[in-house]
$ cat run.txt   # compact mmCIF, N, CA and C atoms
# COMPACT_ATOMS: atom_id res chain seq x y z
N TYR A 1 106.14 138.51 123.20
CA TYR A 1 105.12 138.83 124.21
C TYR A 1 104.99 137.76 125.27
N GLY A 2 105.85 136.76 125.24
CA GLY A 2 105.84 135.74 126.27
C GLY A 2 104.72 134.73 126.15
N LEU A 3 104.09 134.62 124.99
CA LEU A 3 103.00 133.65 124.80
C LEU A 3 103.57 132.24 124.73
N THR A 4 102.84 131.29 125.28
CA THR A 4 103.27 129.90 125.27
C THR A 4 102.10 129.00 124.91
N GLY A 5 102.42 127.76 124.55
CA GLY A 5 101.39 126.77 124.26
C GLY A 5 100.46 127.22 123.15
N GLY A 6 99.18 126.91 123.32
CA GLY A 6 98.17 127.26 122.32
C GLY A 6 98.04 128.74 122.08
N ASP A 7 98.34 129.57 123.10
CA ASP A 7 98.26 131.02 122.93
C ASP A 7 99.29 131.56 121.95
N ALA A 8 100.36 130.80 121.71
CA ALA A 8 101.43 131.26 120.82
C ALA A 8 101.19 130.87 119.35
N LEU A 9 100.14 130.12 119.07
CA LEU A 9 99.87 129.72 117.69
C LEU A 9 99.48 130.93 116.84
N LYS A 10 99.84 130.89 115.57
CA LYS A 10 99.51 131.99 114.65
C LYS A 10 98.01 132.22 114.56
N SER A 11 97.22 131.15 114.71
CA SER A 11 95.77 131.26 114.61
C SER A 11 95.08 131.55 115.94
N ALA A 12 95.87 131.66 117.01
CA ALA A 12 95.29 131.89 118.34
C ALA A 12 94.89 133.35 118.53
N ASP A 13 94.04 133.57 119.50
CA ASP A 13 93.59 134.92 119.87
C ASP A 13 93.60 135.02 121.40
N PRO A 14 94.79 135.06 122.02
CA PRO A 14 94.87 135.00 123.48
C PRO A 14 94.26 136.21 124.20
N ASP A 15 94.14 137.35 123.53
CA ASP A 15 93.55 138.52 124.18
C ASP A 15 92.05 138.64 123.89
N ASN A 16 91.49 137.65 123.16
CA ASN A 16 90.04 137.57 122.88
C ASN A 16 89.47 138.83 122.25
N ASP A 17 90.25 139.44 121.34
CA ASP A 17 89.76 140.64 120.66
C ASP A 17 89.22 140.34 119.26
N GLY A 18 89.17 139.04 118.89
CA GLY A 18 88.66 138.67 117.57
C GLY A 18 89.70 138.77 116.46
N VAL A 19 90.97 139.03 116.83
CA VAL A 19 92.04 139.17 115.84
C VAL A 19 93.11 138.14 116.14
N ILE A 20 93.45 137.32 115.15
CA ILE A 20 94.44 136.26 115.38
C ILE A 20 95.86 136.85 115.49
N ASN A 21 96.72 136.09 116.13
CA ASN A 21 98.11 136.51 116.34
C ASN A 21 98.82 136.89 115.05
N LEU A 22 98.60 136.15 113.96
CA LEU A 22 99.30 136.44 112.72
C LEU A 22 98.96 137.84 112.22
N LEU A 23 97.70 138.23 112.24
CA LEU A 23 97.31 139.58 111.81
C LEU A 23 97.87 140.63 112.75
N GLU A 24 97.85 140.36 114.04
CA GLU A 24 98.40 141.34 114.98
C GLU A 24 99.91 141.49 114.78
N PHE A 25 100.63 140.39 114.57
CA PHE A 25 102.06 140.49 114.28
C PHE A 25 102.28 141.27 112.99
N ALA A 26 101.55 140.93 111.92
CA ALA A 26 101.76 141.53 110.60
C ALA A 26 101.55 143.04 110.61
N THR A 27 100.72 143.55 111.51
CA THR A 27 100.42 144.99 111.55
C THR A 27 100.97 145.67 112.80
N ASN A 28 101.94 145.04 113.47
CA ASN A 28 102.62 145.63 114.62
C ASN A 28 101.67 146.00 115.75
N SER A 29 100.68 145.15 115.98
CA SER A 29 99.81 145.35 117.14
C SER A 29 100.08 144.24 118.14
N SER A 30 99.46 144.32 119.29
CA SER A 30 99.80 143.43 120.40
C SER A 30 98.82 142.27 120.55
N PRO A 31 99.33 141.03 120.62
CA PRO A 31 98.45 139.89 120.83
C PRO A 31 98.03 139.71 122.29
N VAL A 32 98.52 140.55 123.19
CA VAL A 32 98.17 140.43 124.61
C VAL A 32 97.36 141.62 125.10
N SER A 33 96.97 142.52 124.19
CA SER A 33 96.16 143.68 124.57
C SER A 33 94.94 143.74 123.68
N GLY A 34 93.79 143.45 124.22
CA GLY A 34 92.55 143.46 123.45
C GLY A 34 92.21 144.81 122.86
N GLY A 35 92.85 145.87 123.33
CA GLY A 35 92.56 147.20 122.82
C GLY A 35 93.46 147.65 121.70
N SER A 36 94.41 146.83 121.28
CA SER A 36 95.37 147.30 120.27
C SER A 36 94.81 147.22 118.85
N GLY A 37 94.25 146.11 118.44
CA GLY A 37 93.68 145.96 117.11
C GLY A 37 94.70 146.09 115.99
N PRO A 38 94.37 145.57 114.80
CA PRO A 38 95.27 145.71 113.66
C PRO A 38 95.47 147.18 113.32
N ARG A 39 96.65 147.53 112.90
CA ARG A 39 96.94 148.92 112.54
C ARG A 39 96.67 149.12 111.06
N VAL A 40 95.40 149.37 110.75
CA VAL A 40 94.91 149.62 109.40
C VAL A 40 93.93 150.79 109.47
N TYR A 41 94.04 151.72 108.52
CA TYR A 41 93.25 152.94 108.59
C TYR A 41 92.72 153.32 107.20
N ALA A 42 91.40 153.30 107.05
CA ALA A 42 90.76 153.73 105.81
C ALA A 42 90.42 155.21 105.93
N ARG A 43 90.51 155.91 104.78
CA ARG A 43 90.23 157.35 104.79
C ARG A 43 89.90 157.80 103.37
N LEU A 44 88.92 158.68 103.25
CA LEU A 44 88.71 159.36 101.98
C LEU A 44 89.71 160.51 101.94
N HIS A 45 90.41 160.66 100.83
CA HIS A 45 91.44 161.70 100.73
C HIS A 45 91.48 162.24 99.31
N ASN A 46 91.77 163.52 99.17
CA ASN A 46 91.87 164.15 97.87
C ASN A 46 93.28 163.96 97.32
N LEU A 47 93.37 163.24 96.20
CA LEU A 47 94.64 163.02 95.51
C LEU A 47 94.49 163.50 94.07
N SER A 48 95.29 164.46 93.69
CA SER A 48 95.26 165.00 92.32
C SER A 48 93.88 165.48 91.92
N GLY A 49 93.16 166.09 92.85
CA GLY A 49 91.84 166.64 92.57
C GLY A 49 90.69 165.67 92.68
N ASP A 50 90.97 164.42 92.96
CA ASP A 50 89.91 163.41 93.09
C ASP A 50 89.86 162.90 94.53
N GLU A 51 88.66 162.84 95.10
CA GLU A 51 88.51 162.21 96.40
C GLU A 51 88.46 160.70 96.19
N VAL A 52 89.38 159.98 96.85
CA VAL A 52 89.49 158.53 96.66
C VAL A 52 89.52 157.85 98.01
N LEU A 53 89.23 156.55 98.00
CA LEU A 53 89.33 155.74 99.20
C LEU A 53 90.78 155.30 99.36
N THR A 54 91.37 155.62 100.52
CA THR A 54 92.75 155.21 100.80
C THR A 54 92.74 154.25 101.99
N TYR A 55 93.84 153.50 102.10
CA TYR A 55 93.96 152.50 103.15
C TYR A 55 95.43 152.46 103.55
N THR A 56 95.70 152.78 104.80
CA THR A 56 97.08 152.82 105.30
C THR A 56 97.26 151.68 106.29
N ILE A 57 98.31 150.88 106.09
CA ILE A 57 98.54 149.71 106.93
C ILE A 57 99.98 149.68 107.43
N ALA A 58 100.16 149.15 108.62
CA ALA A 58 101.50 148.89 109.14
C ALA A 58 101.95 147.54 108.58
N THR A 59 103.18 147.50 108.06
CA THR A 59 103.73 146.26 107.51
C THR A 59 105.15 146.08 108.02
N ARG A 60 105.68 144.90 107.81
CA ARG A 60 107.09 144.66 108.10
C ARG A 60 107.92 145.59 107.23
N LYS A 61 109.02 146.09 107.80
CA LYS A 61 109.88 147.05 107.12
C LYS A 61 110.42 146.45 105.82
N THR A 62 110.47 147.27 104.81
CA THR A 62 110.93 146.96 103.45
C THR A 62 110.05 145.94 102.72
N ALA A 63 108.81 145.77 103.15
CA ALA A 63 107.88 144.96 102.36
C ALA A 63 107.71 145.68 101.02
N SER A 64 107.87 144.97 99.94
CA SER A 64 107.81 145.56 98.61
C SER A 64 106.53 145.08 97.91
N PHE A 65 105.58 145.99 97.75
CA PHE A 65 104.29 145.64 97.15
C PHE A 65 104.37 145.73 95.64
N ALA A 66 103.64 144.84 94.99
CA ALA A 66 103.55 144.83 93.53
C ALA A 66 102.15 144.40 93.15
N ALA A 67 101.74 144.83 91.96
CA ALA A 67 100.41 144.45 91.47
C ALA A 67 100.38 142.97 91.13
N ASN A 68 99.27 142.34 91.49
CA ASN A 68 98.97 140.97 91.07
C ASN A 68 97.52 141.01 90.62
N GLY A 69 97.32 141.25 89.33
CA GLY A 69 95.98 141.51 88.85
C GLY A 69 95.52 142.85 89.40
N SER A 70 94.38 142.86 90.06
CA SER A 70 93.85 144.11 90.62
C SER A 70 94.30 144.35 92.06
N THR A 71 95.00 143.39 92.67
CA THR A 71 95.42 143.53 94.07
C THR A 71 96.87 144.00 94.16
N GLN A 72 97.28 144.33 95.38
CA GLN A 72 98.68 144.62 95.69
C GLN A 72 99.14 143.57 96.68
N GLU A 73 100.31 142.97 96.44
CA GLU A 73 100.81 141.91 97.31
C GLU A 73 102.27 142.13 97.66
N ALA A 74 102.63 141.67 98.86
CA ALA A 74 104.03 141.68 99.30
C ALA A 74 104.21 140.50 100.24
N THR A 75 105.41 139.95 100.24
CA THR A 75 105.76 138.90 101.20
C THR A 75 107.03 139.35 101.91
N LYS A 76 106.98 139.35 103.24
CA LYS A 76 108.12 139.77 104.04
C LYS A 76 108.09 139.02 105.35
N ASP A 77 109.22 138.47 105.76
CA ASP A 77 109.36 137.78 107.04
C ASP A 77 108.25 136.75 107.26
N LEU A 78 108.01 135.94 106.23
CA LEU A 78 107.03 134.85 106.26
C LEU A 78 105.58 135.30 106.39
N VAL A 79 105.33 136.57 106.07
CA VAL A 79 103.95 137.09 106.05
C VAL A 79 103.64 137.53 104.63
N LYS A 80 102.52 137.03 104.09
CA LYS A 80 102.04 137.49 102.79
C LYS A 80 100.91 138.49 103.02
N TYR A 81 101.13 139.71 102.54
CA TYR A 81 100.12 140.77 102.63
C TYR A 81 99.40 140.87 101.28
N THR A 82 98.07 140.97 101.32
CA THR A 82 97.28 141.20 100.12
C THR A 82 96.29 142.32 100.42
N VAL A 83 96.34 143.38 99.62
CA VAL A 83 95.39 144.48 99.73
C VAL A 83 94.49 144.39 98.51
N GLU A 84 93.19 144.27 98.76
CA GLU A 84 92.25 144.11 97.66
C GLU A 84 91.02 144.98 97.90
N ALA A 85 90.31 145.26 96.80
CA ALA A 85 89.14 146.13 96.89
C ALA A 85 87.99 145.56 96.08
N SER A 86 86.82 146.14 96.34
CA SER A 86 85.59 145.62 95.75
C SER A 86 84.54 146.71 95.65
N ASP A 87 83.65 146.56 94.67
CA ASP A 87 82.45 147.41 94.61
C ASP A 87 81.30 146.76 95.36
N ALA A 88 81.41 145.46 95.57
CA ALA A 88 80.39 144.70 96.28
C ALA A 88 81.13 143.67 97.14
N LEU A 89 80.73 143.49 98.34
CA LEU A 89 81.49 142.68 99.27
C LEU A 89 81.65 141.22 98.88
N GLY A 90 80.96 140.75 97.88
CA GLY A 90 81.08 139.36 97.49
C GLY A 90 82.23 139.05 96.55
N THR A 91 82.72 140.03 95.81
CA THR A 91 83.78 139.83 94.83
C THR A 91 84.93 140.78 95.13
N TRP A 92 86.09 140.22 95.52
CA TRP A 92 87.18 141.07 95.98
C TRP A 92 88.29 141.28 94.95
N ASN A 93 88.04 141.08 93.69
CA ASN A 93 89.06 141.39 92.69
C ASN A 93 88.50 142.29 91.59
N SER A 94 87.47 143.04 91.92
CA SER A 94 86.79 143.84 90.91
C SER A 94 87.27 145.29 90.83
N VAL A 95 88.06 145.75 91.79
CA VAL A 95 88.52 147.13 91.83
C VAL A 95 90.04 147.13 91.90
N VAL A 96 90.67 147.93 91.07
CA VAL A 96 92.13 148.00 91.04
C VAL A 96 92.63 148.78 92.25
N VAL A 97 93.64 148.22 92.92
CA VAL A 97 94.31 148.86 94.05
C VAL A 97 95.72 149.24 93.62
N THR A 98 96.13 150.47 93.92
CA THR A 98 97.50 150.89 93.66
C THR A 98 98.11 151.43 94.94
N GLU A 99 99.43 151.35 95.03
CA GLU A 99 100.11 151.91 96.21
C GLU A 99 100.31 153.40 96.00
N VAL A 100 100.06 154.16 97.04
CA VAL A 100 100.30 155.60 97.05
C VAL A 100 101.68 155.81 97.65
N THR A 101 102.53 156.56 96.98
CA THR A 101 103.90 156.75 97.45
C THR A 101 104.26 158.23 97.54
N GLY A 102 105.45 158.50 98.04
CA GLY A 102 106.00 159.85 98.07
C GLY A 102 105.17 160.83 98.87
N VAL A 103 105.09 162.07 98.35
CA VAL A 103 104.40 163.13 99.08
C VAL A 103 102.91 162.84 99.25
N ASP A 104 102.32 162.13 98.28
CA ASP A 104 100.89 161.79 98.41
C ASP A 104 100.68 160.86 99.60
N ALA A 105 101.54 159.85 99.76
CA ALA A 105 101.41 158.94 100.91
C ALA A 105 101.63 159.70 102.21
N THR A 106 102.61 160.57 102.22
CA THR A 106 102.89 161.37 103.42
C THR A 106 101.68 162.22 103.78
N ALA A 107 101.03 162.82 102.78
CA ALA A 107 99.86 163.67 103.02
C ALA A 107 98.69 162.85 103.57
N VAL A 108 98.45 161.69 102.99
CA VAL A 108 97.36 160.83 103.48
C VAL A 108 97.63 160.43 104.92
N GLN A 109 98.84 159.98 105.20
CA GLN A 109 99.19 159.52 106.54
C GLN A 109 99.11 160.66 107.56
N ALA A 110 99.50 161.86 107.16
CA ALA A 110 99.45 163.01 108.08
C ALA A 110 98.02 163.44 108.37
N ALA A 111 97.09 163.15 107.46
CA ALA A 111 95.69 163.57 107.63
C ALA A 111 94.88 162.60 108.48
N ILE A 112 95.41 161.44 108.77
CA ILE A 112 94.67 160.46 109.57
C ILE A 112 94.59 160.94 111.01
N THR A 113 93.37 160.98 111.54
CA THR A 113 93.18 161.40 112.93
C THR A 113 92.39 160.34 113.68
N PRO A 114 92.73 160.08 114.94
CA PRO A 114 93.91 160.61 115.58
C PRO A 114 95.16 160.15 114.83
N ALA A 115 96.29 160.79 115.12
CA ALA A 115 97.53 160.54 114.39
C ALA A 115 97.91 159.07 114.43
N LEU A 116 98.55 158.63 113.36
CA LEU A 116 99.03 157.25 113.31
C LEU A 116 99.96 156.99 114.49
N PRO A 117 99.86 155.83 115.10
CA PRO A 117 100.76 155.52 116.22
C PRO A 117 102.18 155.28 115.73
N ALA A 118 103.14 155.52 116.61
CA ALA A 118 104.52 155.20 116.28
C ALA A 118 104.65 153.68 116.16
N LEU A 119 105.45 153.25 115.20
CA LEU A 119 105.66 151.82 114.98
C LEU A 119 106.99 151.39 115.58
N ASP A 120 107.09 150.11 115.89
CA ASP A 120 108.36 149.56 116.35
C ASP A 120 109.37 149.61 115.21
N THR A 121 110.62 149.35 115.53
CA THR A 121 111.74 149.50 114.60
C THR A 121 111.56 148.76 113.28
N ASP A 122 111.04 147.57 113.28
CA ASP A 122 111.00 146.75 112.07
C ASP A 122 109.69 146.83 111.30
N TRP A 123 108.92 147.91 111.47
CA TRP A 123 107.67 148.10 110.75
C TRP A 123 107.65 149.46 110.09
N GLU A 124 106.78 149.63 109.09
CA GLU A 124 106.62 150.92 108.41
C GLU A 124 105.20 151.00 107.85
N TRP A 125 104.80 152.22 107.47
CA TRP A 125 103.47 152.46 106.91
C TRP A 125 103.49 152.34 105.39
N HIS A 126 102.43 151.75 104.83
CA HIS A 126 102.19 151.73 103.39
C HIS A 126 100.75 152.18 103.17
N THR A 127 100.55 153.00 102.12
CA THR A 127 99.22 153.52 101.81
C THR A 127 98.81 153.09 100.41
N PHE A 128 97.53 152.76 100.26
CA PHE A 128 96.97 152.28 99.01
C PHE A 128 95.72 153.07 98.68
N ARG A 129 95.27 152.98 97.43
CA ARG A 129 94.03 153.64 97.01
C ARG A 129 93.27 152.77 96.03
N THR A 130 91.96 153.02 95.97
CA THR A 130 91.14 152.36 94.95
C THR A 130 91.21 153.18 93.67
N ASP A 131 90.69 152.62 92.57
CA ASP A 131 90.94 153.17 91.25
C ASP A 131 90.18 154.43 90.88
N ASP A 132 88.96 154.61 91.32
CA ASP A 132 88.16 155.75 90.87
C ASP A 132 87.86 156.71 92.01
N SER A 133 87.47 157.93 91.62
CA SER A 133 87.09 158.92 92.63
C SER A 133 85.69 158.61 93.16
N THR A 134 85.38 159.16 94.31
CA THR A 134 84.06 158.92 94.91
C THR A 134 82.95 159.58 94.11
N SER A 135 83.28 160.54 93.25
CA SER A 135 82.24 161.18 92.44
C SER A 135 81.71 160.24 91.37
N THR A 136 82.52 159.28 90.91
CA THR A 136 82.07 158.34 89.89
C THR A 136 81.88 156.93 90.42
N ASP A 137 82.46 156.63 91.58
CA ASP A 137 82.37 155.29 92.16
C ASP A 137 82.06 155.44 93.64
N THR A 138 80.80 155.25 93.99
CA THR A 138 80.35 155.54 95.36
C THR A 138 80.31 154.32 96.27
N SER A 139 80.80 153.17 95.80
CA SER A 139 80.65 151.99 96.65
C SER A 139 81.92 151.13 96.70
N ASP A 140 83.07 151.72 96.92
CA ASP A 140 84.29 150.93 97.06
C ASP A 140 84.47 150.45 98.50
N PHE A 141 85.05 149.27 98.60
CA PHE A 141 85.46 148.68 99.87
C PHE A 141 86.91 148.25 99.70
N ILE A 142 87.68 148.25 100.78
CA ILE A 142 89.08 147.84 100.70
C ILE A 142 89.43 147.05 101.95
N ARG A 143 90.32 146.05 101.81
CA ARG A 143 90.68 145.25 102.97
C ARG A 143 92.10 144.72 102.84
N LEU A 144 92.63 144.28 103.97
CA LEU A 144 93.93 143.63 104.06
C LEU A 144 93.70 142.17 104.43
N LYS A 145 94.37 141.27 103.72
CA LYS A 145 94.42 139.86 104.09
C LYS A 145 95.88 139.53 104.39
N VAL A 146 96.10 138.74 105.43
CA VAL A 146 97.45 138.26 105.70
C VAL A 146 97.40 136.74 105.77
N ALA A 147 98.48 136.15 105.35
CA ALA A 147 98.61 134.69 105.42
C ALA A 147 100.07 134.37 105.70
N GLU A 148 100.29 133.19 106.25
CA GLU A 148 101.66 132.74 106.46
C GLU A 148 102.25 132.37 105.11
N ALA A 149 103.41 132.95 104.80
CA ALA A 149 104.08 132.62 103.56
C ALA A 149 104.89 131.35 103.72
N PRO A 150 104.97 130.56 102.67
CA PRO A 150 105.75 129.31 102.76
C PRO A 150 107.24 129.58 102.91

$ encode --input "run.txt" --output "structure tokens"
Amino acid sequence: YGLTGGDALKSADPDNDGVINLLEFATNSSPVSGGSGPRVYARLHNLSGDEVLTYTIATRKTASFAANGSTQEATKDLVKYTVEASDALGTWNSVVVTEVTGVDATAVQAAITPALPALDTDWEWHTFRTDDSTSTDTSDFIRLKVAEAP
């Protein structure tokens, strides 16, 4: 994007949208457009008869997520992605997150409105869900954390 000096730092926010460059890079959004924002989308969706909280994020292509306790983590191109959930905003390891794959992921992604934006060549969509249905668990929260990988 042609950023130089302090604006090119991973922790910088040259477009003043409140989102640092590292998060914008990790989710294929633009660090020079304050209107782009991270490409993350939460949605309630019916999976196997249960309405659940889902979370679809843009990641670097071929990022391979795996469980680490109750979270899902992947490291790709020096970016560490962590998807975690909570019943209360103070504790972020209390709800199990699993990756949604195959036709279920396709269905969740197709139901997001407005439609998911097209991603650049080296990015792809990944979808996750919390552990229980909304009928038994009415207070789930889900989030993405990114960090620079060593």

$ atom_distance --input "run.txt" --atom1 "atom N of A:Val97" --atom2 "atom N of A:Val83"
8.7 Å

$ residues_around --input "run.txt" --residues "stretch 19-22 of chain A" --least-positions-apart "2" --cutoff "8 Å" --atoms "all atoms listed in the file" --output "VMD selection string"
chain A and resid 7 to 17 24 to 28 30 to 32 37 to 38 79 146 to 148

$ write_last_selection --input "run.txt" --atoms "N, CA and C atoms" --output "short mmCIF file (atom, residue, chain, number, x, y, z; two decimals), in the coordinates of the input"
data_model
loop_
_atom_site.label_atom_id
_atom_site.label_comp_id
_atom_site.auth_asym_id
_atom_site.auth_seq_id
_atom_site.Cartn_x
_atom_site.Cartn_y
_atom_site.Cartn_z
N ASP A 7 98.34 129.57 123.10
CA ASP A 7 98.26 131.02 122.93
C ASP A 7 99.29 131.56 121.95
N ALA A 8 100.36 130.80 121.71
CA ALA A 8 101.43 131.26 120.82
C ALA A 8 101.19 130.87 119.35
N LEU A 9 100.14 130.12 119.07
CA LEU A 9 99.87 129.72 117.69
C LEU A 9 99.48 130.93 116.84
N LYS A 10 99.84 130.89 115.57
CA LYS A 10 99.51 131.99 114.65
C LYS A 10 98.01 132.22 114.56
N SER A 11 97.22 131.15 114.71
CA SER A 11 95.77 131.26 114.61
C SER A 11 95.08 131.55 115.94
N ALA A 12 95.87 131.66 117.01
CA ALA A 12 95.29 131.89 118.34
C ALA A 12 94.89 133.35 118.53
N ASP A 13 94.04 133.57 119.50
CA ASP A 13 93.59 134.92 119.87
C ASP A 13 93.60 135.02 121.40
N PRO A 14 94.79 135.06 122.02
CA PRO A 14 94.87 135.00 123.48
C PRO A 14 94.26 136.21 124.20
N ASP A 15 94.14 137.35 123.53
CA ASP A 15 93.55 138.52 124.18
C ASP A 15 92.05 138.64 123.89
N ASN A 16 91.49 137.65 123.16
CA ASN A 16 90.04 137.57 122.88
C ASN A 16 89.47 138.83 122.25
N ASP A 17 90.25 139.44 121.34
CA ASP A 17 89.76 140.64 120.66
C ASP A 17 89.22 140.34 119.26
N GLU A 24 97.85 140.36 114.04
CA GLU A 24 98.40 141.34 114.98
C GLU A 24 99.91 141.49 114.78
N PHE A 25 100.63 140.39 114.57
CA PHE A 25 102.06 140.49 114.28
C PHE A 25 102.28 141.27 112.99
N ALA A 26 101.55 140.93 111.92
CA ALA A 26 101.76 141.53 110.60
C ALA A 26 101.55 143.04 110.61
N THR A 27 100.72 143.55 111.51
CA THR A 27 100.42 144.99 111.55
C THR A 27 100.97 145.67 112.80
N ASN A 28 101.94 145.04 113.47
CA ASN A 28 102.62 145.63 114.62
C ASN A 28 101.67 146.00 115.75
N SER A 30 99.46 144.32 119.29
CA SER A 30 99.80 143.43 120.40
C SER A 30 98.82 142.27 120.55
N PRO A 31 99.33 141.03 120.62
CA PRO A 31 98.45 139.89 120.83
C PRO A 31 98.03 139.71 122.29
N VAL A 32 98.52 140.55 123.19
CA VAL A 32 98.17 140.43 124.61
C VAL A 32 97.36 141.62 125.10
N GLY A 37 94.25 146.11 118.44
CA GLY A 37 93.68 145.96 117.11
C GLY A 37 94.70 146.09 115.99
N PRO A 38 94.37 145.57 114.80
CA PRO A 38 95.27 145.71 113.66
C PRO A 38 95.47 147.18 113.32
N VAL A 79 105.33 136.57 106.07
CA VAL A 79 103.95 137.09 106.05
C VAL A 79 103.64 137.53 104.63
N VAL A 146 96.10 138.74 105.43
CA VAL A 146 97.45 138.26 105.70
C VAL A 146 97.40 136.74 105.77
N ALA A 147 98.48 136.15 105.35
CA ALA A 147 98.61 134.69 105.42
C ALA A 147 100.07 134.37 105.70
N GLU A 148 100.29 133.19 106.25
CA GLU A 148 101.66 132.74 106.46
C GLU A 148 102.25 132.37 105.11
#

$ residues_around --input "run.txt" --residues "stretch 50-57 of chain A" --least-positions-apart "5" --cutoff "5 Å" --atoms "all atoms listed in the file" --output "mmCIF file with N, CA and C atoms, in the frame of the given file"
data_model
loop_
_atom_site.group_PDB
_atom_site.id
_atom_site.type_symbol
_atom_site.label_atom_id
_atom_site.label_comp_id
_atom_site.auth_asym_id
_atom_site.auth_seq_id
_atom_site.Cartn_x
_atom_site.Cartn_y
_atom_site.Cartn_z
ATOM 1 N N ARG A 39 96.650 147.530 112.900
ATOM 2 C CA ARG A 39 96.940 148.920 112.540
ATOM 3 C C ARG A 39 96.670 149.120 111.060
ATOM 4 N N VAL A 40 95.400 149.370 110.750
ATOM 5 C CA VAL A 40 94.910 149.620 109.400
ATOM 6 C C VAL A 40 93.930 150.790 109.470
ATOM 7 N N TYR A 41 94.040 151.720 108.520
ATOM 8 C CA TYR A 41 93.250 152.940 108.590
ATOM 9 C C TYR A 41 92.720 153.320 107.200
ATOM 10 N N ALA A 42 91.400 153.300 107.050
ATOM 11 C CA ALA A 42 90.760 153.730 105.810
ATOM 12 C C ALA A 42 90.420 155.210 105.930
ATOM 13 N N ARG A 43 90.510 155.910 104.780
ATOM 14 C CA ARG A 43 90.230 157.350 104.790
ATOM 15 C C ARG A 43 89.900 157.800 103.370
ATOM 16 N N LEU A 44 88.920 158.680 103.250
ATOM 17 C CA LEU A 44 88.710 159.360 101.980
ATOM 18 C C LEU A 44 89.710 160.510 101.940
ATOM 19 N N HIS A 45 90.410 160.660 100.830
ATOM 20 C CA HIS A 45 91.440 161.700 100.730
ATOM 21 C C HIS A 45 91.480 162.240 99.310
ATOM 22 N N TRP A 125 104.800 152.220 107.470
ATOM 23 C CA TRP A 125 103.470 152.460 106.910
ATOM 24 C C TRP A 125 103.490 152.340 105.390
ATOM 25 N N HIS A 126 102.430 151.750 104.830
ATOM 26 C CA HIS A 126 102.190 151.730 103.390
ATOM 27 C C HIS A 126 100.750 152.180 103.170
ATOM 28 N N THR A 127 100.550 153.000 102.120
ATOM 29 C CA THR A 127 99.220 153.520 101.810
ATOM 30 C C THR A 127 98.810 153.090 100.410
ATOM 31 N N PHE A 128 97.530 152.760 100.260
ATOM 32 C CA PHE A 128 96.970 152.280 99.010
ATOM 33 C C PHE A 128 95.720 153.070 98.680
ATOM 34 N N ARG A 129 95.270 152.980 97.430
ATOM 35 C CA ARG A 129 94.030 153.640 97.010
ATOM 36 C C ARG A 129 93.270 152.770 96.030
ATOM 37 N N THR A 130 91.960 153.020 95.970
ATOM 38 C CA THR A 130 91.140 152.360 94.950
ATOM 39 C C THR A 130 91.210 153.180 93.670
ATOM 40 N N SER A 133 87.470 157.930 91.620
ATOM 41 C CA SER A 133 87.090 158.920 92.630
ATOM 42 C C SER A 133 85.690 158.610 93.160
ATOM 43 N N THR A 134 85.380 159.160 94.310
ATOM 44 C CA THR A 134 84.060 158.920 94.910
ATOM 45 C C THR A 134 82.950 159.580 94.110
#

$ select_by_dssp --input "run.txt" --residues "chain A" --states "strand (DSSP E)" --output "number ranges by chain"
A: 40-47, 50-60, 66-68, 71-76, 79-86, 97-100, 123-130, 141-148

$ closest_residue --input "run.txt" --among "A:Pro150, A:Gly35, A:Pro117, A:Gln72" --to "A:Val96" --atoms "all atoms listed in the file"
A:Gln72

$ select_by_dssp --input "run.txt" --residues "stretch 42-136 of chain A" --states "alpha helix (DSSP H)" --output "list of chain:residue names"
A:Gly102, A:Val103, A:Asp104, A:Ala105, A:Thr106, A:Ala107, A:Val108, A:Gln109, A:Ala110, A:Ala111

$ atom_distance --input "run.txt" --atom1 "atom CA of A:Asp137" --atom2 "atom N of A:Ala111"
22.6 Å

$ atom_distance --input "run.txt" --atom1 "atom C of A:Phe65" --atom2 "atom N of A:Thr101"
11.1 Å

$ closest_residue --input "run.txt" --among "A:Glu124, A:Asp104, A:Asp140, A:Asp132" --to "A:Thr59" --atoms "all atoms listed in the file"
A:Glu124

$ closest_residue --input "run.txt" --among "A:Thr91, A:Thr113, A:Ser139, A:Thr98" --to "A:Ala67" --atoms "all atoms listed in the file"
A:Thr98

$ residues_around --input "run.txt" --residues "A:Ala149" --least-positions-apart "6" --cutoff "7 Å" --atoms "all atoms listed in the file" --output "VMD selection string"
chain A and resid 75 77 to 80

$ write_last_selection --input "run.txt" --atoms "N, CA and C atoms" --output "compact mmCIF listing (two decimals), in the frame of the given file"
# COMPACT_ATOMS: atom_id res chain seq x y z
N THR A 75 105.41 139.95 100.24
CA THR A 75 105.76 138.90 101.20
C THR A 75 107.03 139.35 101.91
N ASP A 77 109.22 138.47 105.76
CA ASP A 77 109.36 137.78 107.04
C ASP A 77 108.25 136.75 107.26
N LEU A 78 108.01 135.94 106.23
CA LEU A 78 107.03 134.85 106.26
C LEU A 78 105.58 135.30 106.39
N VAL A 79 105.33 136.57 106.07
CA VAL A 79 103.95 137.09 106.05
C VAL A 79 103.64 137.53 104.63
N LYS A 80 102.52 137.03 104.09
CA LYS A 80 102.04 137.49 102.79
C LYS A 80 100.91 138.49 103.02
